[in-house]
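Chemist: Quick one: this structure, given as structure tokens, is what I'll be asking you about.
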Amino acid sequence: MVLAMVMLGSVQAQTSFKNKVEGLTGTEFYFGPKFGFNVASISDGLNKSKFSFHLGAFAEFKFNDLFGLQTELIYSRQGDKGKSGGVKTWARVNFPVLAKFYVWEGVSVDLGPQLGFALNGKNKTKSGGTEVKTDIDHLNTVDLSFAMGLSYDFNMGLVVSARYNLGLTNVIEKDIVGNNQNRVFQLSAGWKF
């Protein structure tokens, strides 16, 4: 009973907030959680792709039937796998700002910049049967990417998307390892409120 009352109160608060935003801006406003999977690599082509995950939240202002603007706050695990067995992983908080061009009922082409901030970076290798983890030195704190993808909004609130993030800046200082931009393909699912 208490859980049902808390859930009902939460839904009413979300609806009230959404109505206030839509009333102030004159646009449709949606927000919700999202999660998904990454296939990440580095542009130098020396290593293999790494499978990992991302999760976070999004907010969309839909100005009309053809155009919207979506911002996100995403925790993302990225990196690559060495051909000889080592794995590089870095955790990032990414902030994409996407123009959403609705090209067909429920289908949008999503394009825009993404600013990422490194939380940490680890290099995992095996030496003599023992796993060794070390910090990645010279990890750039800020990363800029260009995001491009497709999304489909189901009438019930479910949103699915496929996106490619093309890194524009180096993940690790260029003087240390040469050109090394992120390349991340993402499959996501989310729920619009």
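Ordering of the structure tokens sets the chain letters (A, B, ...), residue numbers begin anew at 1 in every chain, and ligands are numbered from 1 in the order given.
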Might you pull out every residue within 10 Å of Asn94 in chain A, with only C-alpha atoms counted and same-chain residues fewer than 4 positions away left off, and present them as a PDB file with N, CA and C atoms, in the first residue's frame?
Modeler:
ATOM      1  N   HIS A  54      26.283   1.478 -21.297  1.00  0.00           N
ATOM      2  CA  HIS A  54      26.066   2.871 -20.910  1.00  0.00           C
ATOM      3  C   HIS A  54      24.685   2.969 -20.258  1.00  0.00           C
ATOM      4  N   GLY A  56      21.894   6.174 -18.281  1.00  0.00           N
ATOM      5  CA  GLY A  56      21.719   7.567 -17.890  1.00  0.00           C
ATOM      6  C   GLY A  56      20.301   8.033 -18.078  1.00  0.00           C
ATOM      7  N   GLU A  72      21.300  14.719 -22.946  1.00  0.00           N
ATOM      8  CA  GLU A  72      21.440  13.494 -22.166  1.00  0.00           C
ATOM      9  C   GLU A  72      22.567  13.643 -21.153  1.00  0.00           C
ATOM     10  N   LEU A  73      22.509  12.850 -20.121  1.00  0.00           N
ATOM     11  CA  LEU A  73      23.575  12.689 -19.143  1.00  0.00           C
ATOM     12  C   LEU A  73      23.818  11.183 -19.075  1.00  0.00           C
ATOM     13  N   ILE A  74      24.970  10.725 -19.595  1.00  0.00           N
ATOM     14  CA  ILE A  74      25.221   9.294 -19.781  1.00  0.00           C
ATOM     15  C   ILE A  74      26.539   8.878 -19.134  1.00  0.00           C
ATOM     16  N   TYR A  75      26.491   7.828 -18.326  1.00  0.00           N
ATOM     17  CA  TYR A  75      27.699   7.157 -17.842  1.00  0.00           C
ATOM     18  C   TYR A  75      28.028   6.078 -18.866  1.00  0.00           C
ATOM     19  N   SER A  76      29.245   6.076 -19.376  1.00  0.00           N
ATOM     20  CA  SER A  76      29.605   5.158 -20.452  1.00  0.00           C
ATOM     21  C   SER A  76      30.965   4.522 -20.193  1.00  0.00           C
ATOM     22  N   GLN A 114      28.919  15.915 -28.705  1.00  0.00           N
ATOM     23  CA  GLN A 114      28.910  15.248 -27.401  1.00  0.00           C
ATOM     24  C   GLN A 114      30.189  15.624 -26.665  1.00  0.00           C
ATOM     25  N   LEU A 115      30.035  16.141 -25.477  1.00  0.00           N
ATOM     26  CA  LEU A 115      31.160  16.481 -24.621  1.00  0.00           C
ATOM     27  C   LEU A 115      31.284  15.388 -23.564  1.00  0.00           C
ATOM     28  N   GLY A 116      32.489  14.833 -23.407  1.00  0.00           N
ATOM     29  CA  GLY A 116      32.701  13.765 -22.434  1.00  0.00           C
ATOM     30  C   GLY A 116      33.792  14.127 -21.444  1.00  0.00           C
ATOM     31  N   PHE A 117      33.625  13.652 -20.220  1.00  0.00           N
ATOM     32  CA  PHE A 117      34.599  13.887 -19.161  1.00  0.00           C
ATOM     33  C   PHE A 117      35.063  12.551 -18.595  1.00  0.00           C
ATOM     34  N   ALA A 118      36.375  12.338 -18.568  1.00  0.00           N
ATOM     35  CA  ALA A 118      36.943  11.087 -18.062  1.00  0.00           C
ATOM     36  C   ALA A 118      36.818  11.026 -16.547  1.00  0.00           C
ATOM     37  N   VAL A 142      38.942  15.820 -21.043  1.00  0.00           N
ATOM     38  CA  VAL A 142      37.784  16.210 -21.854  1.00  0.00           C
ATOM     39  C   VAL A 142      37.893  15.582 -23.236  1.00  0.00           C
ATOM     40  N   ASP A 143      36.760  15.131 -23.726  1.00  0.00           N
ATOM     41  CA  ASP A 143      36.678  14.478 -25.032  1.00  0.00           C
ATOM     42  C   ASP A 143      35.509  15.093 -25.798  1.00  0.00           C
ATOM     43  N   LEU A 144      35.714  15.392 -27.073  1.00  0.00           N
ATOM     44  CA  LEU A 144      34.645  15.916 -27.917  1.00  0.00           C
ATOM     45  C   LEU A 144      34.376  14.924 -29.041  1.00  0.00           C
ATOM     46  N   SER A 145      33.104  14.591 -29.244  1.00  0.00           N
ATOM     47  CA  SER A 145      32.699  13.662 -30.292  1.00  0.00           C
ATOM     48  C   SER A 145      31.547  14.262 -31.081  1.00  0.00           C
TER      49      SER A 145
END
Chemist: Quick one: everything within 9 Å of Glu105 in chain A, counting only C-alpha atoms, minus sequence neighbours fewer than 5 positions away in the same chain. Send it as JSON, numbers by chain.
Modeler: {"A": [65, 152, 153]}
Chemist: Leaving out Glu131 in chain A and any residue of its chain fewer than 5 positions from it, which residues lie within 12 Å of it when counting only C-alpha atoms, given as a PyMOL selection string?
Modeler: chain A and resi 85-87+123-126
Chemist: For the structure I just gave you, how does DSSP split range 17-152 of chain A - specifically, which residues are alpha helix (DSSP H)? Reply as a list in words.
Modeler: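 So, restricting range 17-152 of chain A to alpha helix (DSSP H), we get Phe17, Lys18, Asn19, Lys20, Val21, Glu22, Gly23, Leu24 and Thr25 of chain A.
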Chemist: Write to file, as an mmCIF file, in the first residue's frame, the residues of the selection just made, with N, CA and C atoms.
Modeler:
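Writing done, so here's result.cif:
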data_model
loop_
_atom_site.group_PDB
_atom_site.id
_atom_site.type_symbol
_atom_site.label_atom_id
_atom_site.label_comp_id
_atom_site.auth_asym_id
_atom_site.auth_seq_id
_atom_site.Cartn_x
_atom_site.Cartn_y
_atom_site.Cartn_z
ATOM 1 N N PHE A 17 5.449 18.479 -13.200
ATOM 2 C CA PHE A 17 6.655 19.109 -13.736
ATOM 3 C C PHE A 17 6.576 19.211 -15.253
ATOM 4 N N LYS A 18 6.183 18.121 -15.898
ATOM 5 C CA LYS A 18 6.074 18.084 -17.364
ATOM 6 C C LYS A 18 5.060 19.133 -17.841
ATOM 7 N N ASN A 19 3.922 19.228 -17.191
ATOM 8 C CA ASN A 19 2.901 20.209 -17.576
ATOM 9 C C ASN A 19 3.402 21.645 -17.411
ATOM 10 N N LYS A 20 4.175 21.910 -16.359
ATOM 11 C CA LYS A 20 4.727 23.251 -16.157
ATOM 12 C C LYS A 20 5.708 23.622 -17.262
ATOM 13 N N VAL A 21 6.604 22.686 -17.610
ATOM 14 C CA VAL A 21 7.584 22.948 -18.666
ATOM 15 C C VAL A 21 6.878 23.175 -19.997
ATOM 16 N N GLU A 22 5.918 22.304 -20.327
ATOM 17 C CA GLU A 22 5.200 22.455 -21.589
ATOM 18 C C GLU A 22 4.409 23.766 -21.621
ATOM 19 N N GLY A 23 3.851 24.167 -20.479
ATOM 20 C CA GLY A 23 3.103 25.421 -20.421
ATOM 21 C C GLY A 23 3.992 26.636 -20.591
ATOM 22 N N LEU A 24 5.198 26.599 -20.021
ATOM 23 C CA LEU A 24 6.119 27.725 -20.119
ATOM 24 C C LEU A 24 6.745 27.848 -21.510
ATOM 25 N N THR A 25 7.066 26.730 -22.134
ATOM 26 C CA THR A 25 7.802 26.765 -23.394
ATOM 27 C C THR A 25 6.914 26.632 -24.628
#
Chemist: Could you jot down the CA of Leu111 in chain A to CA of Trp191 in chain A separation for me, Å, one decimal place?
Modeler: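 Distance reported for this atom pair: 20.0 Å.
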Chemist: Can you pull out the residues contacting Val107 in chain A? Cut-off 10 Å, using only C-alpha atoms, and skip same-chain residues under 6 positions away; I want them as a PyMOL selection string.
Modeler: chain A and resi 100-101+150-154+159-161
Chemist: Would you save the residues of that selection, restricted to N, CA and C atoms, as a compact mmCIF listing (two decimals), in the first residue's frame?
Modeler:
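This is the output file selection_25.txt:
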# COMPACT_ATOMS: atom_id res chain seq x y z
N LYS A 100 17.03 16.55 -33.29
CA LYS A 100 16.25 15.39 -33.72
C LYS A 100 15.36 15.81 -34.89
N PHE A 101 15.63 15.25 -36.05
CA PHE A 101 14.85 15.54 -37.25
C PHE A 101 13.90 14.37 -37.48
N LEU A 150 19.91 7.04 -35.33
CA LEU A 150 18.47 6.94 -35.58
C LEU A 150 17.77 6.52 -34.31
N SER A 151 16.57 7.06 -34.09
CA SER A 151 15.74 6.66 -32.95
C SER A 151 14.35 6.33 -33.44
N TYR A 152 13.69 5.43 -32.71
CA TYR A 152 12.29 5.13 -33.00
C TYR A 152 11.52 5.22 -31.70
N ASP A 153 10.46 6.04 -31.70
CA ASP A 153 9.60 6.22 -30.54
C ASP A 153 8.33 5.39 -30.73
N PHE A 154 8.13 4.42 -29.85
CA PHE A 154 6.88 3.65 -29.86
C PHE A 154 5.80 4.46 -29.14
N VAL A 159 11.50 3.90 -26.31
CA VAL A 159 12.34 4.52 -27.34
C VAL A 159 13.55 3.61 -27.56
N VAL A 160 13.85 3.28 -28.81
CA VAL A 160 15.07 2.53 -29.13
C VAL A 160 15.91 3.38 -30.07
N SER A 161 17.22 3.25 -29.94
CA SER A 161 18.09 4.05 -30.81
C SER A 161 19.39 3.31 -31.11
Chemist: Using DSSP assignments from the backbone, pull out every residue in range 6-190 of chain A that falls under strand (DSSP E) and give it to me as a PyMOL selection string.
Modeler: chain A and resi 28-42+50-62+67-81+87-104+107-127+130-135+142-153+158-170+181-190
Chemist: One number please: CA of Ala91 in chain A to CA of Val109 in chain A, in Å, one decimal.
Modeler: 26.7 Å
Chemist: Quick one: of A:Val132, A:Ala57, A:Ala189, A:Leu98, who's nearest to Phe146 in chain A, counting only C-alpha atoms?
Modeler: A:Leu98
Chemist: Which residue is closest to Leu166 in chain A? Choose from A:Ile42, A:Arg92, A:Arg77, A:Gly26 and count only C-alpha atoms.
Modeler: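 Of the candidates, the smallest distance to Leu166 in chain A is held by A:Ile42.
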Chemist: Rank nothing, just name the residue among A:Ser52, A:Gln78, A:Thr141, A:Asn64 nearest to Arg183 in chain A, using only C-alpha atoms.
Modeler: A:Gln78
Chemist: Taking only C-alpha atoms into account, which of A:Asn165, A:Gly190, A:Trp90, A:Lys81 comes nearest Lys48 in chain A?
Modeler: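 Among the listed residues, the smallest separation from Lys48 in chain A belongs to A:Lys81.
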Chemist: Measuring between only C-alpha atoms, which one of A:Gly36, A:Trp104, A:Asp110, A:Ser49 shows the shortest distance to Gly68 in chain A?
Modeler: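 Under the stated criterion, the closest residue is A:Asp110.
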Chemist: Choose the residue, out of A:Gly32, A:Gly129, A:Pro96, A:Gly79, that has the smallest atom-to-atom separation from Gly149 in chain A; count only C-alpha atoms.
Modeler: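 Between A:Gly32, A:Gly129, A:Pro96, A:Gly79, the residue approaching Gly149 in chain A most closely is A:Pro96.
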Chemist: I'd like the neighbourhood of Tyr164 in chain A as JSON, numbers by chain, where a residue qualifies if any of its atoms comes within 7 Å (using only C-alpha atoms), though same-chain residues fewer than 3 positions away should be ignored.
Modeler: {"A": [147, 148, 149, 184, 185, 186]}
Chemist: Please, what distance in Å, to one decimal, runs between CA of Gly112 in chain A and CA of Ala99 in chain A?
Modeler: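 Value for the CA of Gly112 in chain A-CA of Ala99 in chain A distance: 6.0 Å.
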